[in-house]
Structure formats: C-alpha cells, structure tokens
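Visitor: The structure under discussion is supplied below as structure tokens; questions concerning it will follow.
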Amino acid sequence: MTRIGIILGSTRPGRNGEAVAHWVHGLATARTDAEYELVDLVDYKLPLLDEVYPPAMGQYSQPHTQEWAAKIASFDGFVIVTPEYNHSVPGALKNAIDFLAAEWANKSVGFVSYGSTGGTRAVEHLRLIAGELQMADVRSQVALSLFTDFENFSVFKPADLHRESLTTTLDQVVAWSNALAPLRVS
C-alpha cells in the first residue's frame, strides 16, 4: 500500500505546527487510499549538515543521517506541514531536506502551511527545492492564516473550507505517488 509521510517541519518550542500536523494526520488516517505516518523532525535530532560527502553520493556516515534516510526512503510521498519564517522555510526543515537526495526523488509532495499570509512564501521556496530533488509537487495546498485559523495566534481552529483543500491535496499526493511508483523501482 502507498505510504505517505506527514512531516512536521518546525522544531520550535510551543510551535503551532504540532496541532496542524495532528489535524492533517487525523483526517488522512480516516482515508483508506494509503498508509499515513506522522514524522516529527524533533524526533530526529539532526545537527547542521555534518556529512563529509554530498547527499547525492548517498554515502552517509552518521547514524542520525542513516536513521533519517531510512525513514524518508520508506515513503512514497509526503505532506509537509510548515510555518513561514521570515518569508521562507524554517531552518530545521531545510536542513532535514538537505541531508538527503535519492530518498526524496520520484516521490510526490504536498504542502500545508501557516503564517501571517498562510505560509505561502515558504511553500514557494519548498516547491523550488522539491524540483531540484526530483519531487513532484502537487498543485493543491492548504494555507492557514494565523489571523483567522488560530485563536490568539496559538489555538488551532481551522475554517471548514480547509478540510476540502486538504482532501484535494491528499488526493493529489496519493495519485502522484502511485503514478511515480514505476520510477522508484529502478
């Protein structure tokens, strides 16, 4: 069965992303089209990139890189839950992505973002990164506003319309994951 990793891309204490990722995971696991697993970057303790060789060589020497690589390799596609920091991607998420190369290739990716402008600028940057890593980013995304989807900027209360956007995003991620499967076999 198709496996989709829901990556929680913030490691900050008190992060809003934890509630968002659990919302995504809860709605995803009610579906029967794939297996969904929540992957929290906090659990991987990745330092700033500390491998001797570039990720494209696939010669990982550090145990934390090997563990991270095995986890990412186990999925067919991803939904990345990300905040927007300073008009871009959180450093911890960018670092986690940069640790690997082949493990991301020929897999689909969708985005659920949040921030003052819905996290859309972070997603713009992630789409460029995904392209470089040979990932197929899906068109649909969920953009959550700190002003309207969080009470007092911290209690997650998404508007009903986001459920439909998430359903479409998940539909697209699963469809593209399945379509790309023959490329991952080789």
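By order of appearance in the structure tokens: chains A, B, ..., then residues from 1 within every chain, and ligands from 1 in the order shown.
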Write out as a list in words each polymer residue whose atoms come within 12 Å of stretch 159-162 of chain A, counting only C-alpha atoms; drop sequence neighbours fewer than 4 positions from it.
Guide: Val20, Trp23, Val24, Leu27, Val112, Ser113, Tyr114, Gly118, Ser140, Gln141, Val142, Ala143, Leu144, Ser145, Leu146, Phe147, Thr148, Asp149, Phe150, Glu151, Leu166, Thr167, Thr168 and Thr169 of chain A
Visitor: How would you write, as a VMD selection string, the set of residues in chain A that DSSP gives as strand (DSSP E)?
Guide: chain A and resid 3 to 8 35 to 40 77 to 83 108 to 115 136 to 145 150 to 151 155 to 156
Visitor: Compare A:Pro13, A:Glu132, A:Ile80, A:Arg3 by their minimum atom-to-atom distance to A:Leu93, counting only C-alpha atoms, and give me the closest one.
Guide: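 Of the candidates, the smallest distance to A:Leu93 is held by A:Ile80.
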Visitor: Taking 4 positions as the minimum chain separation for residues in the same chain, which residues sit within 8 Å of A:Arg127 when counting only C-alpha atoms? Answer as a ChimeraX atom specification.
Guide: /A:123,131,137
Visitor: Save out the residues we just selected, N, CA, C and O atoms, as a PDB file, in the first residue's frame.
Guide:
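Final file, selection-v6.pdb:
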ATOM      1  N   VAL A 123       6.065  27.909   1.057  1.00  0.00           N
ATOM      2  CA  VAL A 123       5.731  26.877   0.070  1.00  0.00           C
ATOM      3  C   VAL A 123       6.347  27.209  -1.289  1.00  0.00           C
ATOM      4  O   VAL A 123       6.825  26.307  -1.983  1.00  0.00           O
ATOM      5  N   GLY A 131      11.647  20.603  -6.709  1.00  0.00           N
ATOM      6  CA  GLY A 131      12.015  20.423  -8.113  1.00  0.00           C
ATOM      7  C   GLY A 131      13.458  19.988  -8.269  1.00  0.00           C
ATOM      8  O   GLY A 131      13.764  19.103  -9.070  1.00  0.00           O
ATOM      9  N   ASP A 137       5.712  18.164  -6.973  1.00  0.00           N
ATOM     10  CA  ASP A 137       4.852  18.902  -6.046  1.00  0.00           C
ATOM     11  C   ASP A 137       3.463  19.048  -6.656  1.00  0.00           C
ATOM     12  O   ASP A 137       3.320  19.339  -7.831  1.00  0.00           O
TER      13      ASP A 137
END
Visitor: Please identify which residues in chain A DSSP calls alpha helix (DSSP H) from the backbone, and express them as a count of residues only.
Guide: 70
Visitor: What's the separation between atom CA of A:Leu100 and atom CA of A:Phe78, in Å to one decimal place?
Guide: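 About the pair atom CA of A:Leu100 and atom CA of A:Phe78: they are 14.5 Å apart.
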Visitor: Determine the nearest neighbour of A:His22 from the options A:Phe156, A:Lys94, A:Glu67, A:Leu126, counting only C-alpha atoms.
Guide: A:Phe156
